[in-house]
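> Structure below; questions to follow.
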Amino acid sequence: MKTAQTQYAHQRPAIICLVGITLVWLLSAGNTFAAGTKIPRLNGKPDFSGIWQTTSAADYDLEPHSNRKDAPPGAGIVEGNFIPYLPSALEQKKKNFEARATLDPALKGYTLGVPRGIYYPEPFQIFQRKQDLTLVHQFGHSVRTIHTDGTDHPKDPYDWWLGDSRAKWEGDTLVVDIKHFNDKTWLDGAGNYHSDALHVIEKWSFIDPNTLEYQATIDDPKVYSRPWNLSVILYRHREKDFQLIEDYRFTLDYDQYYPPKPNKQ
Amino acid sequence: MKHYTKLGSTLIFGLGMTALLFTGSTRAADTQTQPEVKKAPATRPLKLGGQGIEQERNFPKITSGKWTGPRLADGQPDVQGHWSNTVANHNNFTDPQGGILNDPNPNRIPKGPREERAPSRVSDPADGQVPFQPWALEKVKEFRAGFHNPTKPEYIEPLARCAPGGIPKSLFWHGYEISQYPGYVLFQFNSGTRIIHLDGKPHLPENIKLWNGDSRGHWEGNTLVVDVGNHNGKALFGRSGEFISENGKIQERYIFSNDGDRYTYEALLTDPTVYTRPFTVTVPARKWTAKDEPNGWHFEVEPATHSGKEIILDQYERICTENNGGFGLVAAEAPAPTPAAATTPAPAK
């Protein structure tokens, strides 16, 4: 009896040839990708509606790291590997790292901030209209609105957990300018941090209809010696009936007290 | 740059508004001590779209029927925008304008007869009361007695700890925004976010329990019909302590008027472990638009920066717990919250 392997052995050259042709086509596709592959669109712009999540270990530590008790290993997502901290800021980062088991704001269930919410290992959903994109993060069900209606940052801003996001389309890339942050969020669980001078520029684009490339340029003159870049790939959740499930983790410490229950007999 | 939080400023404003609201009744009390004034005005005037939390005492009932208003590309009636209840906050569920029960401050106890205030949010049964089983009513009374000086964690209204408002309380807690997308209606409340799924997928497995439950909806003419399962029962209905349990089911009807100005919220609450019968909650709501003045409780918007002439309104992020270390106002240096600390509940949020 023939095994599957022997059965198809004679087809191998053909398969290899087909793979080769596909590769050449993919490589040559390059700039014509958008025309050749249908990405979802809304009012002519890429439609990022959907539920997205990264598979990277970025949230454990943005920088390259070996495994440790509280993190799997990861090659990092920072361009050039390491964040260009100012000397005093690097000391603070080291202190944060040592105390991460108690100081990481995510452990308190706090809003993750930008960009951490994007690569935190829980899904988020994008709701898109012409005038805005609304990001709902499963974690805390916190909401960030990215305005695409031609408005600019407020003239009299507050310091926000998620900053103020104003965006424009550059071709099929959504470019988001985010500032007016507070200094209470971290960039990951390893103590990488920023000040209230944080300025983030995000670039969102499709790699294929179910995959997004997310790039962010992070600037903060109080903490870094120069702007630096990170990037992650986001995958669309395509499981049947997949949905966000509320994760209001900050209520767990007291939710045992509600609702009232009958007295025990 | 401002370093206090948006929520903080809202709270300050809220406290101010509360003071304003009670100025009327304080004056009424003063005049009663002066013999030359025969009769104090029984009720202060209210104005729809005006300042303050209480906007009206009576409201029209909107009935289910055809939708003749605008539709979105996917066919849903277009009801997007800023909405808020018109009657009161969550001080008191069944006497919405009646102040907090057992309030130790006499100036905050309403002076006029019950008929001069908005009706109970319980529209059926006719007595306006939640048909609690005896044990549950005892628990509600216990909560009311303990609320003003809580000696147990369960006497703290969970919204004071920034827990999501839940159902139905979110519908009468600050203004909120409704936005719609193919397959979804999204509610952005001041405390909590609700995604209504319109695609008919089954509810989550029953053992998953959520503050805002798990919502499946569909449109019937002018009415958004929502079935809520997976409710954790923890949110309470207000400072008067009414509740549903994790065994409860809620069926909601959002009945929109065809002019797009209002909707009537009707919810049927069923829970054989807490109530003696199902009952109906009714909450009136109105839309707020750029034609309205911003209102620090119902319509918390700011004009956006842009070069055009039309008015575009921003609503800034709604984030609570992280700012609430010392009830919102001393957020900056607040320590991490300690579990189960019986802290003093919010005086007027």
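Here's how to read the names in the structure tokens: chain A, B, ... by the order shown, residue numbers from 1 in each chain, ligand numbers from 1 in the order shown.
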As a PyMOL selection string, please: every residue in region 80-286 of chain B that DSSP puts in strand (DSSP E).
chain B and resi 81-85+122-124+176-181+184-189+192-197+214-220+223-229+249-256+262-270+279-286
> With C-alpha atoms kept, could you save the residues just selected as a PDB file, in the first residue's frame?

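Dumped to result.pdb:
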```pdb
ATOM      1  CA  GLY B  81     -25.264  60.620  19.246  1.00  0.00           C
ATOM      2  CA  HIS B  82     -25.271  61.852  22.813  1.00  0.00           C
ATOM      3  CA  TRP B  83     -28.123  60.735  25.041  1.00  0.00           C
ATOM      4  CA  SER B  84     -29.119  61.062  28.671  1.00  0.00           C
ATOM      5  CA  ASN B  85     -32.010  60.328  30.980  1.00  0.00           C
ATOM      6  CA  VAL B 122     -40.774  50.793  38.274  1.00  0.00           C
ATOM      7  CA  SER B 123     -43.715  51.223  35.902  1.00  0.00           C
ATOM      8  CA  ASP B 124     -45.188  47.792  36.596  1.00  0.00           C
ATOM      9  CA  TYR B 176     -23.622  58.600  27.252  1.00  0.00           C
ATOM     10  CA  GLU B 177     -22.902  58.124  23.595  1.00  0.00           C
ATOM     11  CA  ILE B 178     -24.514  55.657  21.212  1.00  0.00           C
ATOM     12  CA  SER B 179     -22.685  54.767  18.018  1.00  0.00           C
ATOM     13  CA  GLN B 180     -23.641  52.147  15.458  1.00  0.00           C
ATOM     14  CA  TYR B 181     -21.765  49.869  13.114  1.00  0.00           C
ATOM     15  CA  TYR B 184     -23.293  46.393  16.487  1.00  0.00           C
ATOM     16  CA  VAL B 185     -24.683  49.114  18.712  1.00  0.00           C
ATOM     17  CA  LEU B 186     -22.036  50.537  21.030  1.00  0.00           C
ATOM     18  CA  PHE B 187     -22.846  52.350  24.296  1.00  0.00           C
ATOM     19  CA  GLN B 188     -20.069  54.428  25.816  1.00  0.00           C
ATOM     20  CA  PHE B 189     -21.190  55.180  29.337  1.00  0.00           C
ATOM     21  CA  GLY B 192     -18.492  51.183  31.524  1.00  0.00           C
ATOM     22  CA  THR B 193     -18.848  50.218  27.880  1.00  0.00           C
ATOM     23  CA  ARG B 194     -21.543  48.026  26.369  1.00  0.00           C
ATOM     24  CA  ILE B 195     -21.417  46.235  23.027  1.00  0.00           C
ATOM     25  CA  ILE B 196     -24.805  45.062  21.711  1.00  0.00           C
ATOM     26  CA  HIS B 197     -24.350  42.279  19.164  1.00  0.00           C
ATOM     27  CA  ASP B 214     -23.884  39.833  27.460  1.00  0.00           C
ATOM     28  CA  SER B 215     -26.224  41.585  25.030  1.00  0.00           C
ATOM     29  CA  ARG B 216     -27.928  40.277  21.891  1.00  0.00           C
ATOM     30  CA  GLY B 217     -30.117  42.719  20.039  1.00  0.00           C
ATOM     31  CA  HIS B 218     -32.208  43.251  16.956  1.00  0.00           C
ATOM     32  CA  TRP B 219     -34.305  46.069  15.532  1.00  0.00           C
ATOM     33  CA  GLU B 220     -38.107  45.882  15.328  1.00  0.00           C
ATOM     34  CA  THR B 223     -37.339  49.628  18.721  1.00  0.00           C
ATOM     35  CA  LEU B 224     -33.995  48.110  19.613  1.00  0.00           C
ATOM     36  CA  VAL B 225     -34.822  44.858  21.411  1.00  0.00           C
ATOM     37  CA  VAL B 226     -31.994  43.490  23.557  1.00  0.00           C
ATOM     38  CA  ASP B 227     -31.753  40.254  25.471  1.00  0.00           C
ATOM     39  CA  VAL B 228     -29.227  40.430  28.306  1.00  0.00           C
ATOM     40  CA  GLY B 229     -27.755  37.270  29.754  1.00  0.00           C
ATOM     41  CA  LYS B 249     -32.529  37.968  32.948  1.00  0.00           C
ATOM     42  CA  ILE B 250     -33.169  41.397  31.484  1.00  0.00           C
ATOM     43  CA  GLN B 251     -35.104  42.069  28.293  1.00  0.00           C
ATOM     44  CA  GLU B 252     -34.734  45.626  27.089  1.00  0.00           C
ATOM     45  CA  ARG B 253     -36.665  47.724  24.610  1.00  0.00           C
ATOM     46  CA  TYR B 254     -35.214  51.042  23.448  1.00  0.00           C
ATOM     47  CA  ILE B 255     -38.177  52.716  21.746  1.00  0.00           C
ATOM     48  CA  PHE B 256     -37.071  55.678  19.651  1.00  0.00           C
ATOM     49  CA  ARG B 262     -36.158  60.937  22.483  1.00  0.00           C
ATOM     50  CA  TYR B 263     -36.432  57.329  23.414  1.00  0.00           C
ATOM     51  CA  THR B 264     -38.196  55.386  26.110  1.00  0.00           C
ATOM     52  CA  TYR B 265     -36.229  52.643  27.798  1.00  0.00           C
ATOM     53  CA  GLU B 266     -38.298  49.724  29.006  1.00  0.00           C
ATOM     54  CA  ALA B 267     -36.739  46.703  30.642  1.00  0.00           C
ATOM     55  CA  LEU B 268     -38.398  43.564  31.933  1.00  0.00           C
ATOM     56  CA  LEU B 269     -36.437  42.145  34.845  1.00  0.00           C
ATOM     57  CA  THR B 270     -36.952  38.512  35.783  1.00  0.00           C
ATOM     58  CA  PHE B 279     -41.357  43.777  36.750  1.00  0.00           C
ATOM     59  CA  THR B 280     -40.821  46.629  34.304  1.00  0.00           C
ATOM     60  CA  VAL B 281     -38.387  49.536  34.522  1.00  0.00           C
ATOM     61  CA  THR B 282     -39.032  52.685  32.458  1.00  0.00           C
ATOM     62  CA  VAL B 283     -36.462  55.425  31.898  1.00  0.00           C
ATOM     63  CA  PRO B 284     -37.036  58.449  29.624  1.00  0.00           C
ATOM     64  CA  ALA B 285     -34.089  59.670  27.546  1.00  0.00           C
ATOM     65  CA  ARG B 286     -33.405  62.598  25.253  1.00  0.00           C
TER      66      ARG B 286
END
```
> Near Pro121 (chain A), within 8 Å and counting only C-alpha atoms, which residues show up once chain neighbours fewer than 6 positions away are dropped, as a ChimeraX atom specification?
/A:53-55,59
> Please check the contacts: residues of chain A at most 9 Å away from chain B, using only C-alpha atoms, listed as a PDB file with C-alpha atoms, in the first residue's frame.

```
ATOM      1  CA  LYS A 108      -4.101  46.949  39.266  1.00  0.00           C
ATOM      2  CA  GLY A 109      -6.383  46.686  36.268  1.00  0.00           C
ATOM      3  CA  TYR A 110      -5.611  50.241  35.186  1.00  0.00           C
ATOM      4  CA  THR A 111      -6.049  51.488  31.647  1.00  0.00           C
ATOM      5  CA  PHE A 127     -15.250  50.115  15.394  1.00  0.00           C
ATOM      6  CA  GLN A 128     -14.759  52.325  12.364  1.00  0.00           C
ATOM      7  CA  ARG A 129     -16.808  55.155  10.884  1.00  0.00           C
ATOM      8  CA  VAL A 136     -12.466  49.050  22.735  1.00  0.00           C
ATOM      9  CA  GLY A 140     -10.906  47.242  31.317  1.00  0.00           C
ATOM     10  CA  HIS A 141     -13.210  47.813  28.339  1.00  0.00           C
ATOM     11  CA  SER A 142     -11.377  51.106  28.032  1.00  0.00           C
ATOM     12  CA  VAL A 143     -12.118  53.154  24.947  1.00  0.00           C
ATOM     13  CA  ARG A 144      -9.865  55.277  22.737  1.00  0.00           C
ATOM     14  CA  THR A 145     -11.322  57.387  19.961  1.00  0.00           C
ATOM     15  CA  ASP A 149     -12.660  64.136  10.923  1.00  0.00           C
ATOM     16  CA  GLY A 150      -9.964  66.721  10.276  1.00  0.00           C
ATOM     17  CA  THR A 151      -9.937  67.997  13.855  1.00  0.00           C
ATOM     18  CA  ASP A 152      -6.729  68.819  15.674  1.00  0.00           C
ATOM     19  CA  HIS A 153      -5.580  68.357  19.268  1.00  0.00           C
ATOM     20  CA  PRO A 154      -7.497  70.441  21.824  1.00  0.00           C
ATOM     21  CA  LYS A 155      -6.074  73.891  22.519  1.00  0.00           C
ATOM     22  CA  ASP A 156      -6.629  73.508  26.239  1.00  0.00           C
ATOM     23  CA  PRO A 157      -5.907  69.828  26.883  1.00  0.00           C
ATOM     24  CA  TYR A 158      -5.943  67.678  29.962  1.00  0.00           C
ATOM     25  CA  ASP A 159      -3.489  64.884  30.687  1.00  0.00           C
ATOM     26  CA  TRP A 160      -5.220  61.713  29.567  1.00  0.00           C
ATOM     27  CA  TRP A 161      -4.554  58.038  30.220  1.00  0.00           C
ATOM     28  CA  LEU A 162      -4.918  57.331  26.516  1.00  0.00           C
ATOM     29  CA  GLY A 163      -3.815  60.696  25.194  1.00  0.00           C
ATOM     30  CA  ASP A 164      -5.615  62.562  22.429  1.00  0.00           C
ATOM     31  CA  HIS A 180      -1.424  64.977  26.051  1.00  0.00           C
ATOM     32  CA  ASN A 182      -0.379  61.515  31.862  1.00  0.00           C
ATOM     33  CA  LYS A 184       0.848  56.912  35.008  1.00  0.00           C
ATOM     34  CA  ASP A 241     -18.681  33.732  17.376  1.00  0.00           C
ATOM     35  CA  LEU A 244     -14.802  40.646  23.550  1.00  0.00           C
ATOM     36  CA  ILE A 245     -15.621  39.621  27.112  1.00  0.00           C
ATOM     37  CA  GLU A 246     -15.594  42.373  29.739  1.00  0.00           C
ATOM     38  CA  ASP A 247     -12.406  42.306  31.791  1.00  0.00           C
ATOM     39  CA  TYR A 248     -12.983  44.871  34.513  1.00  0.00           C
ATOM     40  CA  PHE A 250     -10.042  46.236  39.061  1.00  0.00           C
ATOM     41  CA  THR A 251     -13.382  45.149  40.531  1.00  0.00           C
ATOM     42  CA  LEU A 252     -12.186  41.690  41.538  1.00  0.00           C
ATOM     43  CA  ASP A 253     -11.042  42.804  44.988  1.00  0.00           C
ATOM     44  CA  TYR A 254     -14.538  43.748  46.051  1.00  0.00           C
ATOM     45  CA  ASP A 255     -16.973  41.965  43.790  1.00  0.00           C
ATOM     46  CA  GLN A 256     -17.485  39.210  46.381  1.00  0.00           C
ATOM     47  CA  TYR A 257     -19.614  41.674  48.398  1.00  0.00           C
ATOM     48  CA  TYR A 258     -22.306  41.938  45.731  1.00  0.00           C
ATOM     49  CA  PRO A 259     -25.104  41.156  45.155  1.00  0.00           C
ATOM     50  CA  PRO A 260     -26.744  40.471  48.545  1.00  0.00           C
ATOM     51  CA  LYS A 261     -27.377  36.800  49.214  1.00  0.00           C
ATOM     52  CA  PRO A 262     -29.902  35.066  51.460  1.00  0.00           C
ATOM     53  CA  ASN A 263     -28.634  34.501  55.014  1.00  0.00           C
TER      54      ASN A 263
END
```
> Report as JSON, numbers by chain all protein, DNA and RNA residues lying within 12 Å of Pro73 (chain A), evaluated on only C-alpha atoms, omitting residues in the same chain fewer than 3 positions from it.
{"A": [56, 57, 58, 59, 60, 61, 62, 63, 64, 65, 66, 67, 68, 69, 70, 76]}
> For N, CA and C atoms, I'd like the residues from the last selection saved as a PDB file, in the first residue's frame.

```
ATOM      1  N   SER A  56       2.831  38.398  19.913  1.00  0.00           N
ATOM      2  CA  SER A  56       4.205  38.623  20.368  1.00  0.00           C
ATOM      3  C   SER A  56       4.270  38.651  21.897  1.00  0.00           C
ATOM      4  N   ALA A  57       5.466  38.524  22.413  1.00  0.00           N
ATOM      5  CA  ALA A  57       5.694  38.601  23.858  1.00  0.00           C
ATOM      6  C   ALA A  57       6.033  40.028  24.270  1.00  0.00           C
ATOM      7  N   ALA A  58       5.614  41.002  23.438  1.00  0.00           N
ATOM      8  CA  ALA A  58       6.017  42.390  23.663  1.00  0.00           C
ATOM      9  C   ALA A  58       5.616  42.902  25.035  1.00  0.00           C
ATOM     10  N   ASP A  59       4.410  42.545  25.493  1.00  0.00           N
ATOM     11  CA  ASP A  59       3.950  43.142  26.740  1.00  0.00           C
ATOM     12  C   ASP A  59       4.792  42.713  27.939  1.00  0.00           C
ATOM     13  N   TYR A  60       5.421  41.552  27.844  1.00  0.00           N
ATOM     14  CA  TYR A  60       6.292  41.123  28.944  1.00  0.00           C
ATOM     15  C   TYR A  60       7.526  42.013  29.031  1.00  0.00           C
ATOM     16  N   ASP A  61       8.014  42.400  27.857  1.00  0.00           N
ATOM     17  CA  ASP A  61       9.219  43.231  27.818  1.00  0.00           C
ATOM     18  C   ASP A  61       9.417  43.645  26.354  1.00  0.00           C
ATOM     19  N   LEU A  62       9.446  44.936  26.103  1.00  0.00           N
ATOM     20  CA  LEU A  62       9.623  45.411  24.729  1.00  0.00           C
ATOM     21  C   LEU A  62      11.009  45.088  24.195  1.00  0.00           C
ATOM     22  N   GLU A  63      11.965  44.968  25.109  1.00  0.00           N
ATOM     23  CA  GLU A  63      13.350  44.757  24.694  1.00  0.00           C
ATOM     24  C   GLU A  63      13.675  43.261  24.700  1.00  0.00           C
ATOM     25  N   PRO A  64      14.737  42.864  23.994  1.00  0.00           N
ATOM     26  CA  PRO A  64      15.116  41.447  23.974  1.00  0.00           C
ATOM     27  C   PRO A  64      15.381  40.947  25.400  1.00  0.00           C
ATOM     28  N   HIS A  65      14.883  39.756  25.703  1.00  0.00           N
ATOM     29  CA  HIS A  65      15.064  39.240  27.059  1.00  0.00           C
ATOM     30  C   HIS A  65      15.035  37.717  27.040  1.00  0.00           C
ATOM     31  N   SER A  66      15.793  37.114  27.962  1.00  0.00           N
ATOM     32  CA  SER A  66      15.712  35.670  28.168  1.00  0.00           C
ATOM     33  C   SER A  66      14.457  35.357  28.967  1.00  0.00           C
ATOM     34  N   ASN A  67      14.145  34.081  29.083  1.00  0.00           N
ATOM     35  CA  ASN A  67      13.008  33.730  29.921  1.00  0.00           C
ATOM     36  C   ASN A  67      13.302  34.069  31.375  1.00  0.00           C
ATOM     37  N   ARG A  68      12.266  34.286  32.136  1.00  0.00           N
ATOM     38  CA  ARG A  68      12.392  34.478  33.579  1.00  0.00           C
ATOM     39  C   ARG A  68      11.086  34.007  34.198  1.00  0.00           C
ATOM     40  N   LYS A  69      11.017  33.995  35.523  1.00  0.00           N
ATOM     41  CA  LYS A  69       9.858  33.390  36.191  1.00  0.00           C
ATOM     42  C   LYS A  69       8.549  34.001  35.708  1.00  0.00           C
ATOM     43  N   ASP A  70       8.550  35.298  35.418  1.00  0.00           N
ATOM     44  CA  ASP A  70       7.288  35.951  35.070  1.00  0.00           C
ATOM     45  C   ASP A  70       7.201  36.313  33.587  1.00  0.00           C
ATOM     46  N   GLY A  76      12.080  40.905  21.424  1.00  0.00           N
ATOM     47  CA  GLY A  76      11.819  42.334  21.505  1.00  0.00           C
ATOM     48  C   GLY A  76      11.194  42.877  20.236  1.00  0.00           C
TER      49      GLY A  76
END
```
> Extract, using only C-alpha atoms, all DNA, RNA and protein residues at most 12 Å from Ala89 (chain A), discarding same-chain residues fewer than 3 positions from it, and format them as a PDB file with N, CA and C atoms, in the first residue's frame.

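Output (out17.pdb):
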```pdb
ATOM      1  N   ILE A  83      15.737  50.616  24.086  1.00  0.00           N
ATOM      2  CA  ILE A  83      15.140  51.943  24.167  1.00  0.00           C
ATOM      3  C   ILE A  83      16.229  52.945  24.571  1.00  0.00           C
ATOM      4  N   PRO A  84      16.372  54.041  23.839  1.00  0.00           N
ATOM      5  CA  PRO A  84      17.466  54.993  24.110  1.00  0.00           C
ATOM      6  C   PRO A  84      17.158  55.902  25.311  1.00  0.00           C
ATOM      7  N   TYR A  85      17.222  55.320  26.502  1.00  0.00           N
ATOM      8  CA  TYR A  85      16.936  56.100  27.705  1.00  0.00           C
ATOM      9  C   TYR A  85      18.017  57.139  27.976  1.00  0.00           C
ATOM     10  N   LEU A  86      17.620  58.265  28.523  1.00  0.00           N
ATOM     11  CA  LEU A  86      18.575  59.178  29.134  1.00  0.00           C
ATOM     12  C   LEU A  86      19.131  58.483  30.382  1.00  0.00           C
ATOM     13  N   GLN A  92      15.724  54.891  36.576  1.00  0.00           N
ATOM     14  CA  GLN A  92      14.318  54.749  36.970  1.00  0.00           C
ATOM     15  C   GLN A  92      13.729  53.469  36.381  1.00  0.00           C
ATOM     16  N   LYS A  93      14.055  53.215  35.123  1.00  0.00           N
ATOM     17  CA  LYS A  93      13.543  51.994  34.478  1.00  0.00           C
ATOM     18  C   LYS A  93      14.002  50.764  35.245  1.00  0.00           C
ATOM     19  N   LYS A  94      15.258  50.768  35.682  1.00  0.00           N
ATOM     20  CA  LYS A  94      15.772  49.613  36.434  1.00  0.00           C
ATOM     21  C   LYS A  94      15.019  49.453  37.756  1.00  0.00           C
ATOM     22  N   LYS A  95      14.722  50.574  38.400  1.00  0.00           N
ATOM     23  CA  LYS A  95      13.947  50.505  39.646  1.00  0.00           C
ATOM     24  C   LYS A  95      12.550  49.951  39.374  1.00  0.00           C
ATOM     25  N   ASN A  96      11.938  50.437  38.301  1.00  0.00           N
ATOM     26  CA  ASN A  96      10.617  49.922  37.925  1.00  0.00           C
ATOM     27  C   ASN A  96      10.669  48.405  37.721  1.00  0.00           C
ATOM     28  N   GLY A 191       8.656  47.494  33.254  1.00  0.00           N
ATOM     29  CA  GLY A 191       9.032  48.790  33.811  1.00  0.00           C
ATOM     30  C   GLY A 191       9.465  49.823  32.797  1.00  0.00           C
ATOM     31  N   ASN A 192       9.388  49.513  31.517  1.00  0.00           N
ATOM     32  CA  ASN A 192       9.670  50.554  30.516  1.00  0.00           C
ATOM     33  C   ASN A 192       8.578  51.610  30.603  1.00  0.00           C
ATOM     34  N   TYR A 193       8.988  52.866  30.608  1.00  0.00           N
ATOM     35  CA  TYR A 193       8.040  53.905  31.002  1.00  0.00           C
ATOM     36  C   TYR A 193       8.229  55.173  30.173  1.00  0.00           C
ATOM     37  N   HIS A 194       7.409  56.168  30.491  1.00  0.00           N
ATOM     38  CA  HIS A 194       7.428  57.456  29.791  1.00  0.00           C
ATOM     39  C   HIS A 194       6.977  58.526  30.770  1.00  0.00           C
ATOM     40  N   SER A 195       7.065  59.778  30.346  1.00  0.00           N
ATOM     41  CA  SER A 195       6.576  60.881  31.177  1.00  0.00           C
ATOM     42  C   SER A 195       5.317  61.461  30.528  1.00  0.00           C
ATOM     43  N   ASP A 220       9.836  61.213  23.768  1.00  0.00           N
ATOM     44  CA  ASP A 220       9.621  61.782  25.085  1.00  0.00           C
ATOM     45  C   ASP A 220      10.950  62.386  25.541  1.00  0.00           C
ATOM     46  N   PRO A 221      11.149  63.672  25.292  1.00  0.00           N
ATOM     47  CA  PRO A 221      12.456  64.278  25.581  1.00  0.00           C
ATOM     48  C   PRO A 221      12.855  64.245  27.051  1.00  0.00           C
ATOM     49  N   LYS A 222      11.876  64.004  27.934  1.00  0.00           N
ATOM     50  CA  LYS A 222      12.235  63.906  29.357  1.00  0.00           C
ATOM     51  C   LYS A 222      12.818  62.537  29.701  1.00  0.00           C
ATOM     52  N   VAL A 223      12.611  61.559  28.833  1.00  0.00           N
ATOM     53  CA  VAL A 223      12.972  60.181  29.193  1.00  0.00           C
ATOM     54  C   VAL A 223      13.932  59.537  28.178  1.00  0.00           C
ATOM     55  N   TYR A 224      13.790  59.876  26.907  1.00  0.00           N
ATOM     56  CA  TYR A 224      14.614  59.230  25.882  1.00  0.00           C
ATOM     57  C   TYR A 224      15.548  60.257  25.228  1.00  0.00           C
ATOM     58  N   SER A 225      16.675  59.762  24.716  1.00  0.00           N
ATOM     59  CA  SER A 225      17.634  60.664  24.079  1.00  0.00           C
ATOM     60  C   SER A 225      17.248  60.973  22.636  1.00  0.00           C
TER      61      SER A 225
END
```
